[in-house]
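Q: Quick one: the structure is below, and I'll ask about it shortly.
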Amino acid sequence: MYHNLEQLFYRRDLDQCIIEGEQYLLSHPQDEEVLFLMAVAYHDIVYYEGHEAVYDAIRDYVIPYLRRILQVNPNHQKALYNILDYPLGNEYALMQIARSKKHITQENKAEFISYAERMLEDPDYTGYGYDFLVKIYESLEENKALLNSLEAGIYYFQKAHANNREIRDKNTSLFWMKKIYLLDRTKMVSGEELTNLIEKEHSTFVTHNEYDLINLADIAFENNAPDLSLKMMMKAIKGENSAVHIHEKLAEWHQRFAELIRNGYNNPEVFYYQLIIERNYPEFLNIATEFYYHHALEVISSHPELFSGYHFAGTFLYENERYAEAIPLLDKAVQLSSNATAWRRRADSEYLLNRMVLSEVPVFSDYPADIYNEGVLLNECIEALEDENDKQKWHNVGRTVYEQAHEAFGKYFEEGKFESDYYNDLHTRAMCCNNLAIKYSLLGDYQAAVEIASEGLRYSEFMELHLTLIDALVNGGNYERAEKALSNYFNLYGESEDYFYKSLYNKALQVQIHELLGVDDVDKEAEELLTYIYQHTTENPEIDDYDYRDLEAAKNKLEGILFHHLDRQDLHVRKTHYEGMAERFPQEANPQYALMQIYNEEEHYGQVALTAKRYLENKKEFLLDAFDKAKTIYMIVKSDFLQGNYDEAVSIFSEYDAECNEVMDPEDYVLWLSYGVRVYEKLNSKDKTLSLAERFNTIYNAEEWGYDDLVESVELAKAVVLYQAGNLKDAHAILDQVRSVADYDPIADEYKASWKKPGLFSKFGF
């Protein structure tokens with residue numbers, strides 16, 4: 001019966017679900033599952049009618065049904081949780097719209113408090129129990145009981161999560177902030193006592209709400225504790241700070257500190273706060289964007305021992321590409337503070353000015369997440385570089401930065417170093433492991449990459465970390481463990497529509513691993529998956545570019561596996577396979593690319609040109625490999641030449657020559673040039689033929705290659721255009737050179753015999 005009711009519920013046929021559930025309960029009044037389902041159904045059926053309708057449903061149906069469960073089973077934790085969560089959540093929602101209606105009152109509070117206290121006895125629900133007690137006393141405005149519950153909850157979270165700093169800090173901070181607000185609002189302690197409490201306990205406070213920190217600063221300011229206010233605002237500036245009202249508050253505190261300074265306040269940290277606000281929010285201070293630079297210079301002059309002046313003055317110069325001026329200031333900032341941001345800007349300035357990579361990285365004093373963020377920014381700079389040698393040097397530097405962040409995270413979590421910070425969480429620690437593992441892989445240390453990626457998965461579960469681990473295992477040759485890691489990945493993400501194309505890629509990778517492990521019939525496995533992907537591509541022509549990259553990478557792996565298998569077969573088998581694929585999936589590029597090469601082997605040049613053009617049409621431009629494109633263009637020019645389509649060949653050659661020169665290695669480019677020489681020769685274009693021939697010979701001489709058939713074909717083309725232009729002597733000189741080499745082309749003899757000097761009357765047309 002429950003299954004049928006559940007199906008009605010999930011189909012949102014709530015009226016029928018309630019009717020049948022009520023009828024069933026007449027004969028089965030203690031069925032806990034159905035009682036719970038009725039409570040939820042009565043809530044959901046009025047959910048969209050507004051909070052007051054929900055209030056009535058909770059009062060008349062939800063609470064009574066949950067009470068019936070608890071009469072049968074007093075420790076039914078789902079019922080205990082929901083008999084508190086539904087009414088307290090509804091009360092809060094009503095309060096937000098200025099409707100004061102209470103489910104929990106002075107008359108019934110003992111009942112609901114007993115539910116919360118019952119939850120305290122179950123280790124899995126103790127935290128919820130304290131949370132509900134706090135919410136009950138907040139609702140009832142019983143401040144002493146609320147304070148006691150807050151302090152009991154703080155004590156519990158500190159003990160229960162003593163070995164997990166992130167969970168401990170986040171849970172205790174929620175209760176601690178409520179406690180501070182309560183003490184401030186009710187004046188249960190003096191202002192001095194409250195300020196001393198904040199000073200003593202704020203080091204473990206974390207929040208993603210900057211307003212909490214601003215409020216703490218306000219409390220301290222009201223109680224004449226500006227140093228504590230500054231500490232809170234220095235924490236506030238590290239937050240997300242995306243809301244305009246937060247920007248306004250940060251600017252307001254800038255003005256407060258300015259007034260304090262005028263009155264003799266001299267905490268050196270205040271200049272950092274002022275300068276960062278001037279840099280980031282000049283519009284809220286009504287100052288020019290470069291104001292902070294001039295202020296920073298004043299700070300350097302008046303306080304040369306402070307990091308902040310050098311850091312911000314150097315930052316201004318760096319961001320305005322005045323690198324030579326920025327370097328000494330940023331150098332001084334790093335000497336005074338070992339700040340990761342100042343160092344990165346200094347290192348980037350050195351490279352942009354002198355193309356020098358600073359290989360020595362100082363030991364940073366920053367929070368681990370700040371060091372990690374600088375590693376991310378550094379990596380963005382690396383990705384923009386074109387020089388591969390410099391990239392490699394920078395990757396080594398980036399590895400060192402991530403290693404420092406990784407070590408700092410260890411000190412934060414295992415050694416209790418640093419004050420607590422909301423953004424230094426386990427997920428960021430896991431992301432640091434991921435990026436460090438990627439660096440190790442890029443530098444060829446796959447075992448280190450595996451170890452650090454595996455460590456990251458202990459801190460946080462996210463897809464990219466699995467992929468980094470899998471790649472490191474595959475690249476390190478640990479295929480059996482890679483297979484297990486892939487199976488784990490599929491268990492977590494394989495059925496998710498959000499990761500459909502990433503999973504297709506990993507299925508292709510799994511087939512590749514099977515090949516490396518020597519599994520039987522891998523070619524059939526590859527063909528089956530490839531056919532599925534081709535069919536999916538046919539049926540879904542609007543796949544976005546991001547997903548298509550994963551799809552293309554999957555195809556490439558499978559196509560490569562099939563190529564290796566088919567390459568051992570005779571030409572007819574290969575041709576039959578690819579022609580079949582091309583016929584079934586005419587929109588696919590790879591079958592055309594393979595057929596282009598097969599037809600070239602068969603010397604069916606008309607088919608070569610046709611399939612080459614289809615390949616270029618089918619291949620998405622943003623995925624077209626530069627060398628594959630150049631090779632395909634070469635095949636078209638070659639085929640057109642061999643078919644006598646000289647005008648078309650010249651048109652394509654002239655359009656793509658510069659591109660091929662850039663992409664091709666010298667060995668390939670001279671082949672390309674040889675066809676250019678011969679095509680222009682067929683069109684009797686002397687200047688172009690000789691010009692290309694000279695470029696051809698320049699490459700041969702530079703590479704110190706000997707005379708071969710390719711050189712011979714170019715020399716004969718030169719001879720032809722010279723002869724056609726009437727330069728008979730030069731033409732015969734080339735023929736003599738060609739004929740002096742063993743096994744020369746017999747056509748040289750034909751040319752030698754037939755090329756005669758024109759007679760006297762030949763110019764008159766006789």
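In the structure tokens, each chain is lettered A, B, ... as it comes, each chain's residues begin at 1, and ligands are numbered from 1 in order of appearance.
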When you look at Ala288 (chain A) with a cut-off of 10 Å (counting only C-alpha atoms), what residues show up, excluding the ones that are within fewer than 4 positions of it in the same chain? I need them as a list in words.

A: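 The neighbour list is Glu278, Arg279, Pro282, Glu283 and Tyr292 of chain A.
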
Q: Okay, now the selection with N, CA and C atoms, as an mmCIF file, in the first residue's frame?

A:
data_model
loop_
_atom_site.group_PDB
_atom_site.id
_atom_site.type_symbol
_atom_site.label_atom_id
_atom_site.label_comp_id
_atom_site.auth_asym_id
_atom_site.auth_seq_id
_atom_site.Cartn_x
_atom_site.Cartn_y
_atom_site.Cartn_z
ATOM 1 N N GLU A 278 40.637 52.261 -0.902
ATOM 2 C CA GLU A 278 40.860 53.306 -1.918
ATOM 3 C C GLU A 278 41.101 52.702 -3.301
ATOM 4 N N ARG A 279 41.783 51.576 -3.315
ATOM 5 C CA ARG A 279 42.053 50.923 -4.605
ATOM 6 C C ARG A 279 40.789 50.299 -5.196
ATOM 7 N N PRO A 282 37.006 53.373 -5.108
ATOM 8 C CA PRO A 282 37.216 54.833 -5.134
ATOM 9 C C PRO A 282 35.927 55.612 -5.351
ATOM 10 N N GLU A 283 34.962 55.004 -6.085
ATOM 11 C CA GLU A 283 33.716 55.707 -6.368
ATOM 12 C C GLU A 283 32.899 55.944 -5.093
ATOM 13 N N TYR A 292 44.968 56.057 -4.507
ATOM 14 C CA TYR A 292 45.635 55.129 -3.581
ATOM 15 C C TYR A 292 47.137 55.061 -3.824
#

Q: So that I can check the surroundings of His43 (chain A), please list as a PyMOL selection string every protein, DNA and RNA residue that reaches within 8 Å of it, counting only C-alpha atoms and ignoring chain neighbours fewer than 5 positions away.

A: chain A and resi 54+57-58+61-62

Q: Do you know which residues are at most 12 Å from region 186-193 of chain A counting only C-alpha atoms, after dropping those on the same chain fewer than 2 positions away, and could you put them as a list of chain:residue names?

A: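 Here the qualifying residues turn out to be A:Glu141, A:Glu142, A:Asn143, A:Lys144, A:Leu146, A:Leu147, A:Lys178, A:Lys179, A:Ile180, A:Tyr181, A:Leu182, A:Leu183, A:Asp184, A:Thr195, A:Asn196, A:Leu197, A:Ile198, A:Glu199, A:Lys200, A:Asp218, A:Ile219, A:Ala220, A:Phe221, A:Glu222, A:Asn223, A:Asn224, A:Ala225.
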
Q: Interatomic distance between CA of Met119 (chain A) and CA of Ile167 (chain A)?

A: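 For CA of Met119 (chain A) relative to CA of Ile167 (chain A), the distance reads 19.5 Å.
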
Q: If we count only C-alpha atoms, what is near Glu617 (chain A) at a cut-off of 10 Å, once residues fewer than 3 positions away on the same chain are taken out, given as a list in words?

A: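 With the cut-off at 10 Å, the set is Gln587, Glu588, Ala589, Thr611, Ala612, Lys613, Arg614, Lys620 and Glu621 of chain A.
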
Q: Quick one: pull the distance between CA of Asp544 (chain A) and CA of Leu529 (chain A), Å, one decimal.

A: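 Taking CA of Asp544 (chain A) and CA of Leu529 (chain A), their separation equals 20.7 Å.
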
Q: Fewer than 5 positions away in the same chain doesn't count, so skip those; otherwise give me all residues within 9 Å of Asp31 (chain A), counting only C-alpha atoms, as a ChimeraX atom specification.

A: /A:25,36,69

Q: Could you pull the residues within 12 Å of His247 (chain A), counting only C-alpha atoms, minus those fewer than 2 positions along the same chain, as a PyMOL selection string?

A: chain A and resi 210-211+214+236-237+239-245+249-254+276-278+280-285

Q: Interatomic distance between CA of Gly494 (chain A) and CA of His565 (chain A)?

A: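 Going from CA of Gly494 (chain A) over to CA of His565 (chain A) covers 27.7 Å.
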
Q: Tell me which protein, DNA and RNA residues are within 12 Å of Phe307 (chain A), counting only C-alpha atoms, leaving out same-chain ones fewer than 4 positions away, and put them as a short mmCIF file (atom, residue, chain, number, x, y, z; two decimals) with N, CA, C and O atoms, in the first residue's frame.

A:
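Output below, filename around-v9.cif:
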data_model
loop_
_atom_site.label_atom_id
_atom_site.label_comp_id
_atom_site.auth_asym_id
_atom_site.auth_seq_id
_atom_site.Cartn_x
_atom_site.Cartn_y
_atom_site.Cartn_z
N PRO A 268 49.54 50.47 12.82
CA PRO A 268 50.10 50.41 11.46
C PRO A 268 49.24 49.65 10.45
O PRO A 268 49.31 49.91 9.25
N GLU A 269 48.40 48.71 10.93
CA GLU A 269 47.55 47.93 10.02
C GLU A 269 46.49 48.79 9.34
O GLU A 269 45.93 48.40 8.30
N VAL A 270 46.19 49.95 9.93
CA VAL A 270 45.11 50.77 9.40
C VAL A 270 45.41 51.26 7.99
O VAL A 270 44.51 51.46 7.18
N PHE A 271 46.69 51.43 7.67
CA PHE A 271 47.04 51.93 6.34
C PHE A 271 46.72 50.89 5.26
O PHE A 271 46.31 51.23 4.16
N TYR A 272 46.93 49.62 5.59
CA TYR A 272 46.57 48.57 4.63
C TYR A 272 45.08 48.63 4.34
O TYR A 272 44.65 48.57 3.18
N LEU A 275 44.26 51.71 2.17
CA LEU A 275 44.75 51.62 0.79
C LEU A 275 43.94 50.63 -0.05
O LEU A 275 43.65 50.87 -1.22
N ALA A 296 49.82 55.70 -1.06
CA ALA A 296 50.83 54.68 -0.75
C ALA A 296 52.23 55.29 -0.68
O ALA A 296 53.04 54.93 0.19
N LEU A 297 52.52 56.22 -1.58
CA LEU A 297 53.82 56.90 -1.55
C LEU A 297 53.99 57.70 -0.26
O LEU A 297 55.09 57.75 0.31
N VAL A 299 52.60 56.90 2.59
CA VAL A 299 52.83 55.91 3.65
C VAL A 299 54.28 55.46 3.64
O VAL A 299 54.91 55.30 4.70
N ILE A 300 54.85 55.26 2.45
CA ILE A 300 56.27 54.88 2.35
C ILE A 300 57.14 55.95 2.99
O ILE A 300 58.10 55.64 3.72
N HIS A 303 56.11 55.97 6.90
CA HIS A 303 56.27 54.69 7.58
C HIS A 303 57.04 53.71 6.67
O HIS A 303 56.47 52.74 6.16
N HIS A 311 53.59 47.72 -1.15
CA HIS A 311 52.71 46.77 -1.86
C HIS A 311 51.74 47.50 -2.78
O HIS A 311 51.61 47.15 -3.96
N PHE A 312 51.08 48.53 -2.29
CA PHE A 312 50.06 49.19 -3.10
C PHE A 312 50.67 50.13 -4.14
O PHE A 312 50.13 50.25 -5.25
N ALA A 313 51.77 50.78 -3.82
CA ALA A 313 52.43 51.60 -4.84
C ALA A 313 52.95 50.71 -5.97
O ALA A 313 52.80 51.03 -7.16
N GLY A 314 53.57 49.59 -5.59
CA GLY A 314 54.05 48.65 -6.60
C GLY A 314 52.92 48.06 -7.43
O GLY A 314 53.04 47.87 -8.64
N LEU A 329 59.76 48.39 -5.68
CA LEU A 329 58.75 48.55 -4.63
C LEU A 329 58.18 47.20 -4.21
O LEU A 329 58.02 46.93 -3.01
N LEU A 330 57.87 46.35 -5.18
CA LEU A 330 57.35 45.03 -4.86
C LEU A 330 58.41 44.17 -4.19
O LEU A 330 58.10 43.35 -3.31
N ASP A 331 59.67 44.34 -4.59
CA ASP A 331 60.77 43.64 -3.92
C ASP A 331 60.79 43.97 -2.44
O ASP A 331 60.91 43.09 -1.58
N LYS A 332 60.67 45.26 -2.13
CA LYS A 332 60.68 45.69 -0.73
C LYS A 332 59.48 45.15 0.02
O LYS A 332 59.59 44.72 1.19
N ALA A 333 58.33 45.11 -0.66
CA ALA A 333 57.12 44.57 -0.03
C ALA A 333 57.31 43.11 0.35
O ALA A 333 56.93 42.67 1.44
N VAL A 334 57.93 42.34 -0.55
CA VAL A 334 58.16 40.92 -0.29
C VAL A 334 59.16 40.74 0.85
O VAL A 334 59.00 39.86 1.71
N GLN A 335 60.19 41.59 0.89
CA GLN A 335 61.17 41.52 1.99
C GLN A 335 60.51 41.76 3.34
O GLN A 335 60.85 41.12 4.33
N LEU A 336 59.55 42.68 3.38
CA LEU A 336 58.92 43.04 4.64
C LEU A 336 57.83 42.07 5.07
O LEU A 336 57.55 41.94 6.26
N SER A 337 57.23 41.36 4.11
CA SER A 337 56.06 40.57 4.47
C SER A 337 56.01 39.16 3.91
O SER A 337 55.23 38.34 4.39
N SER A 338 56.80 38.83 2.90
CA SER A 338 56.70 37.53 2.20
C SER A 338 55.27 37.29 1.73
O SER A 338 54.73 36.19 1.84
N ASN A 339 54.67 38.34 1.18
CA ASN A 339 53.28 38.27 0.72
C ASN A 339 53.22 37.65 -0.67
O ASN A 339 53.93 38.07 -1.58
N ALA A 342 52.17 40.12 -3.61
CA ALA A 342 53.25 41.03 -3.99
C ALA A 342 54.32 40.28 -4.77
O ALA A 342 54.85 40.78 -5.77
#

Q: Just checking: using only C-alpha atoms, which residue out of A:Ile45, A:Val40, A:Val376, A:Leu88 ends up closest to Tyr65 (chain A)?

A: A:Val40

Q: Once DSSP has gone over the backbone, tell me which residues of region 56-271 of chain A are in helix (DSSP H, G or I), as a count of residues only.

A: 163

Q: Which of these residues is nearest to Thr315 (chain A), using only C-alpha atoms: A:Glu480, A:Asp348, A:Glu579, A:Glu151?

A: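 So, comparing all the options, the nearest one is A:Asp348.
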